[in-house]
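A short write-up of the structure that comes next.
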Amino acid sequence: MKIYLIAVEPSADQLGADLAKELRAARPDIKLAGIGGRQMQAAGIPSQMDIDGLAILGITEALKKLPLVYRKIAEASDRIEAAQADAVIFLDSYGFMIRLAERLRKRGFEKTLIKYVAPQVWAMRPARAKRVARLFDGLLALHPFEAQYFTPLGLPTRYVGNAVFDTDYTVGDAHAIRTQYNLGERPILAVFFGSRTSEVNRLAPPFADAVIALKAKIPDLAIISPVSDSVAEDVGAAAGADPRLNEIIFLPESAKLDVMACATAALACSGTVTSQLACAGVPTVVAYRLSALSHAIVRPLLTLDYISMVNISANTDLMPEFVQGQVTGEALSTALYPYFADIKKRADASGALIAQTDDMRGGKDMTASAQAARAALELLG
């Protein structure tokens, strides 16, 4: 059996790498090929296509990159057809993947197509469920409540859990970071700019404002930022253009767990990392900005009060959230400061985050990646 995996964003790349390991464990004779990034390559799947520039979010950014996106969809389609795999697993990235699946179907591709990570139709755009059901032969869902949106449409949907909870985020080496950078017992703010160029560009200025405002209140504050490979150049350019960011110690993403272990609190772009920080019990302030046009189009479609999965699950703001015009240095620093000034507030926030993510983990006896591999193989018969 040959399975083709495709991922075009960093979080999906990690998902694909984990899935590949579990597929091989379940079926040692399986053959894997695909398109992805460094994590999938490390898992033994060299990418058959360059995915740089495809981590896109927001309508205006997508419009600017439409020529690139459609070139890459055509190339990916050609690669998949040439691979002659028995099945293709599409990892996250709804916009790119749905168009790729449509192209394959229009070209008469009849092999099994499986979508891993459902579009969040429970949050916005419920009509997407019909489009997914029409194109795919199976869906691997992260949340138990998602099946109700797809199974009535005839799409076999398996709840496999969220792979973000497969990792122990409490095993980082805080001492190593503090020793290497001579930080002693200084308070530490961890900063996560995001994994997309647009996120870095929109959040770097207010994050810089927040850093300076916090430093004024906490002179011995140390600031550390693990940077995703996908935006390392963008973060470097932002730091070079804004001297206020020189206060930050930039580290590779591989140091993320060590940074979480030593962080007093964190400032993070909304995304997978906020769930990881919650698992580690790091009090976190969350920020997000879309372009004005994207926000104007998307906002009326949203049906939820929160943007972070931990807050959505808890139905309360365990992590203070700031979006669009709320994202200012003053607002972010004001929300962060109590975690540094009040030990009890910090401990209470940490405990609440750990308790919530423990509940979200669900006490399964298999990792989400192992369950996803088993579900995919069952769908293939």
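Identifiers in this document derive from the order of the structure tokens: chains are assigned A, B, ..., residues are numbered from 1 separately in each chain, and ligands are numbered from 1 in order of occurrence.
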
Using only C-alpha atoms, tabulate the residues of segment 6-82 of chain A lying at most 12 Å from any atom of segment 111-119 of chain A, each with its closest atom pair and that distance in Å to one decimal, by chain and increasing residue number, as CSV.
residue,atom,partner,partner_atom,distance
A:Ile6,CA,A:Lys115,CA,10.1
A:Ala7,CA,A:Tyr116,CA,10.1
A:Ser11,CA,A:Val117,CA,11.2
A:Ala12,CA,A:Val117,CA,9.1
A:Asp13,CA,A:Tyr116,CA,11.9
A:Leu15,CA,A:Tyr116,CA,9.1
A:Gly16,CA,A:Tyr116,CA,9.4
A:Leu19,CA,A:Tyr116,CA,10.0
A:Ile80,CA,A:Lys111,CA,10.3
A:Glu81,CA,A:Lys111,CA,9.5

Give me the residues within 12 Å of Pro338 of chain A as an mmCIF file with C-alpha atoms, in the first residue's frame, counting only C-alpha atoms and dropping any in the same chain fewer than 2 places off.
data_model
loop_
_atom_site.group_PDB
_atom_site.id
_atom_site.type_symbol
_atom_site.label_atom_id
_atom_site.label_comp_id
_atom_site.auth_asym_id
_atom_site.auth_seq_id
_atom_site.Cartn_x
_atom_site.Cartn_y
_atom_site.Cartn_z
ATOM 1 C CA LEU A 214 6.936 45.898 30.385
ATOM 2 C CA LYS A 217 7.876 48.399 34.825
ATOM 3 C CA ILE A 218 10.195 45.389 35.237
ATOM 4 C CA THR A 264 7.135 33.465 33.751
ATOM 5 C CA ALA A 265 4.475 34.382 31.182
ATOM 6 C CA PRO A 283 0.124 32.176 31.698
ATOM 7 C CA THR A 284 -0.363 33.653 28.254
ATOM 8 C CA VAL A 285 -1.799 36.724 26.570
ATOM 9 C CA PRO A 320 -6.741 37.022 27.754
ATOM 10 C CA LEU A 332 -0.874 43.703 25.958
ATOM 11 C CA SER A 333 1.569 44.902 28.609
ATOM 12 C CA THR A 334 -1.287 45.756 30.987
ATOM 13 C CA ALA A 335 -2.675 42.223 30.631
ATOM 14 C CA LEU A 336 0.751 40.638 31.090
ATOM 15 C CA PHE A 340 4.841 39.116 36.933
ATOM 16 C CA ALA A 341 3.645 41.192 39.883
ATOM 17 C CA ASP A 342 1.294 38.705 41.568
ATOM 18 C CA ILE A 343 2.594 35.210 42.350
ATOM 19 C CA LYS A 344 -0.864 33.917 43.265
ATOM 20 C CA LYS A 345 -2.439 35.187 40.043
ATOM 21 C CA ARG A 346 0.329 33.520 38.065
ATOM 22 C CA ALA A 347 -0.097 30.218 39.943
ATOM 23 C CA ASP A 348 -3.883 30.289 39.597
ATOM 24 C CA ALA A 349 -3.650 30.963 35.859
#

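Residue nearest Ile89 of chain A, chosen from A:Ala263, A:Ala17, A:Met309, A:Ile3 and counting only C-alpha atoms: A:Ile3.
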
request  = Write out as a PyMOL selection string the residues lying within 12 Å of Phe136 of chain A, counting only C-alpha atoms and excluding same-chain residues fewer than 3 positions away.
outcome  = chain A and resi 87-90+97-102+104-105+109-116+118+129-133+139-140+150+153-157+379

message: Give me, as an MDAnalysis selection string, all polymer residues having an atom no more than 10 Å from Ala239 of chain A, counting only C-alpha atoms and skipping those fewer than 5 positions away in the same chain.
response: chainID A and resid 204:205 208 233:234 244:248 250

Would you give me, as number ranges by chain, the residues in segment 93-314 of chain A that DSSP reads as helix (DSSP H, G or I)?
A: 94-106, 128-135, 144-153, 163-166, 174-180, 197-217, 229-241, 243-247, 253-262, 272-280, 292-301, 309-314

What lies within 8 Å of Met49 of chain A using only C-alpha atoms, ignoring chain neighbours under 3 positions off, as a list of chain:residue names?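 Residues near the query, excluding close chain neighbours: A:Ile35, A:Gly36, A:Glu75, A:Ala76.
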
For the residues in that selection, give me C-alpha atoms as an mmCIF file, in the first residue's frame.
data_model
loop_
_atom_site.group_PDB
_atom_site.id
_atom_site.type_symbol
_atom_site.label_atom_id
_atom_site.label_comp_id
_atom_site.auth_asym_id
_atom_site.auth_seq_id
_atom_site.Cartn_x
_atom_site.Cartn_y
_atom_site.Cartn_z
ATOM 1 C CA ILE A 35 4.911 17.087 -0.018
ATOM 2 C CA GLY A 36 5.859 18.823 3.214
ATOM 3 C CA GLU A 75 2.246 21.136 -9.454
ATOM 4 C CA ALA A 76 0.971 19.224 -6.417
#

| task | For Gln120 of chain A, list every protein, DNA or RNA residue within 12 Å, evaluated using only C-alpha atoms, and leave out those in the same chain fewer than 5 positions away; present the list as an MDAnalysis selection string. | result | chainID A and resid 92:94 125:129 132 141:143 145:147 149:150 301:304 307 309

Kindly export the residues of the current selection with C-alpha atoms, as a PDB file, in the first residue's frame.
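The result, stored in result_14.pdb:
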ATOM      1  CA  ASP A  92      -5.109  20.880   7.513  1.00  0.00           C
ATOM      2  CA  SER A  93      -4.870  24.095   5.354  1.00  0.00           C
ATOM      3  CA  TYR A  94      -8.473  24.071   4.147  1.00  0.00           C
ATOM      4  CA  ARG A 125     -18.919  29.023   7.267  1.00  0.00           C
ATOM      5  CA  PRO A 126     -20.964  25.845   7.917  1.00  0.00           C
ATOM      6  CA  ALA A 127     -21.509  25.452   4.154  1.00  0.00           C
ATOM      7  CA  ARG A 128     -17.915  24.229   3.913  1.00  0.00           C
ATOM      8  CA  ALA A 129     -19.067  20.889   5.326  1.00  0.00           C
ATOM      9  CA  VAL A 132     -15.684  18.650   2.083  1.00  0.00           C
ATOM     10  CA  ALA A 141     -11.429  15.043  13.180  1.00  0.00           C
ATOM     11  CA  LEU A 142      -9.631  16.601  16.128  1.00  0.00           C
ATOM     12  CA  HIS A 143     -12.739  17.165  18.247  1.00  0.00           C
ATOM     13  CA  PHE A 145     -18.320  17.139  18.345  1.00  0.00           C
ATOM     14  CA  GLU A 146     -17.225  17.627  14.723  1.00  0.00           C
ATOM     15  CA  ALA A 147     -18.695  14.410  13.326  1.00  0.00           C
ATOM     16  CA  TYR A 149     -21.481  18.319  10.911  1.00  0.00           C
ATOM     17  CA  PHE A 150     -20.179  15.775   8.378  1.00  0.00           C
ATOM     18  CA  LEU A 301     -19.332  34.879   9.864  1.00  0.00           C
ATOM     19  CA  LEU A 302     -17.856  34.040  13.276  1.00  0.00           C
ATOM     20  CA  THR A 303     -20.133  32.384  15.803  1.00  0.00           C
ATOM     21  CA  LEU A 304     -17.734  32.042  18.766  1.00  0.00           C
ATOM     22  CA  ILE A 307     -10.216  32.483  19.154  1.00  0.00           C
ATOM     23  CA  MET A 309      -8.942  26.556  21.488  1.00  0.00           C
TER      24      MET A 309
END

- What is the distance between atom CA of Val273 of chain A and atom CA of Pro144 of chain A, in Å to one decimal?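 Atom CA of Val273 of chain A sits 21.1 Å away from atom CA of Pro144 of chain A.
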
(message) With only C-alpha atoms as the counted atoms, please give the residues lying no more than 12 Å from Thr167 of chain A, apart from itself and same-chain residues fewer than 3 positions off, as a ChimeraX atom specification.
(response) /A:14-15,18,162-164,170-172,257,275-277,279-280,357,361,367-369

Margin query: Please determine, counting only C-alpha atoms, which residue among A:Ala261, A:Ile51, A:Ala174, A:Ala83 has the shortest atom-to-atom distance to Leu68 of chain A.
Written below: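 Once distances to Leu68 of chain A are computed over only C-alpha atoms, the minimum belongs to A:Ile51.
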
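Taking atom CA of Ala278 of chain A and atom CA of Pro10 of chain A as the two end points, the separation is 19.4 Å.
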
For the structure I just gave you, how does DSSP split segment 72-249 of chain A - specifically, which residues are strand (DSSP E)? Reply as a short mmCIF file (atom, residue, chain, number, x, y, z; two decimals) with C-alpha atoms, in the first residue's frame.
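Output (out.cif):
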data_model
loop_
_atom_site.label_atom_id
_atom_site.label_comp_id
_atom_site.auth_asym_id
_atom_site.auth_seq_id
_atom_site.Cartn_x
_atom_site.Cartn_y
_atom_site.Cartn_z
CA ALA A 87 -4.66 7.20 -1.01
CA VAL A 88 -3.84 10.84 -0.37
CA ILE A 89 -4.05 12.40 3.08
CA PHE A 90 -4.54 16.18 3.05
CA LEU A 91 -3.26 17.78 6.27
CA THR A 112 -9.13 7.58 -1.81
CA LEU A 113 -8.86 11.14 -0.52
CA ILE A 114 -8.74 11.65 3.26
CA LYS A 115 -8.84 15.03 5.01
CA TYR A 116 -6.99 15.21 8.33
CA GLY A 138 -12.98 10.18 4.86
CA LEU A 139 -12.33 12.79 7.53
CA LEU A 140 -10.10 12.57 10.60
CA ALA A 141 -11.43 15.04 13.18
CA THR A 157 -15.74 10.88 10.05
CA ARG A 158 -13.46 9.51 12.77
CA TYR A 159 -12.61 11.38 15.96
CA ILE A 188 11.20 35.90 31.65
CA LEU A 189 8.65 36.80 29.01
CA ALA A 190 8.38 34.32 26.13
CA VAL A 191 7.25 35.87 22.83
CA PHE A 192 5.79 33.89 19.92
CA ALA A 222 14.40 39.05 30.05
CA ILE A 223 12.56 38.42 26.78
CA ILE A 224 13.09 35.25 24.72
CA SER A 225 11.48 34.30 21.41
CA PRO A 226 11.66 30.86 19.78
CA VAL A 227 11.21 31.49 16.06
CA ILE A 248 14.66 40.04 22.64
CA ILE A 249 16.87 36.93 22.68
#

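Closest approach to Ser198 of chain A among A:Lys65, A:Lys106, A:Arg134, A:Arg186: A:Lys65, based on only C-alpha atoms.
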
### Message
Could you tell me how far atom CA of Leu5 of chain A sits from atom CA of Asp29 of chain A, in Å to one decimal place?
### Response
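These two atoms are separated by 16.3 Å.
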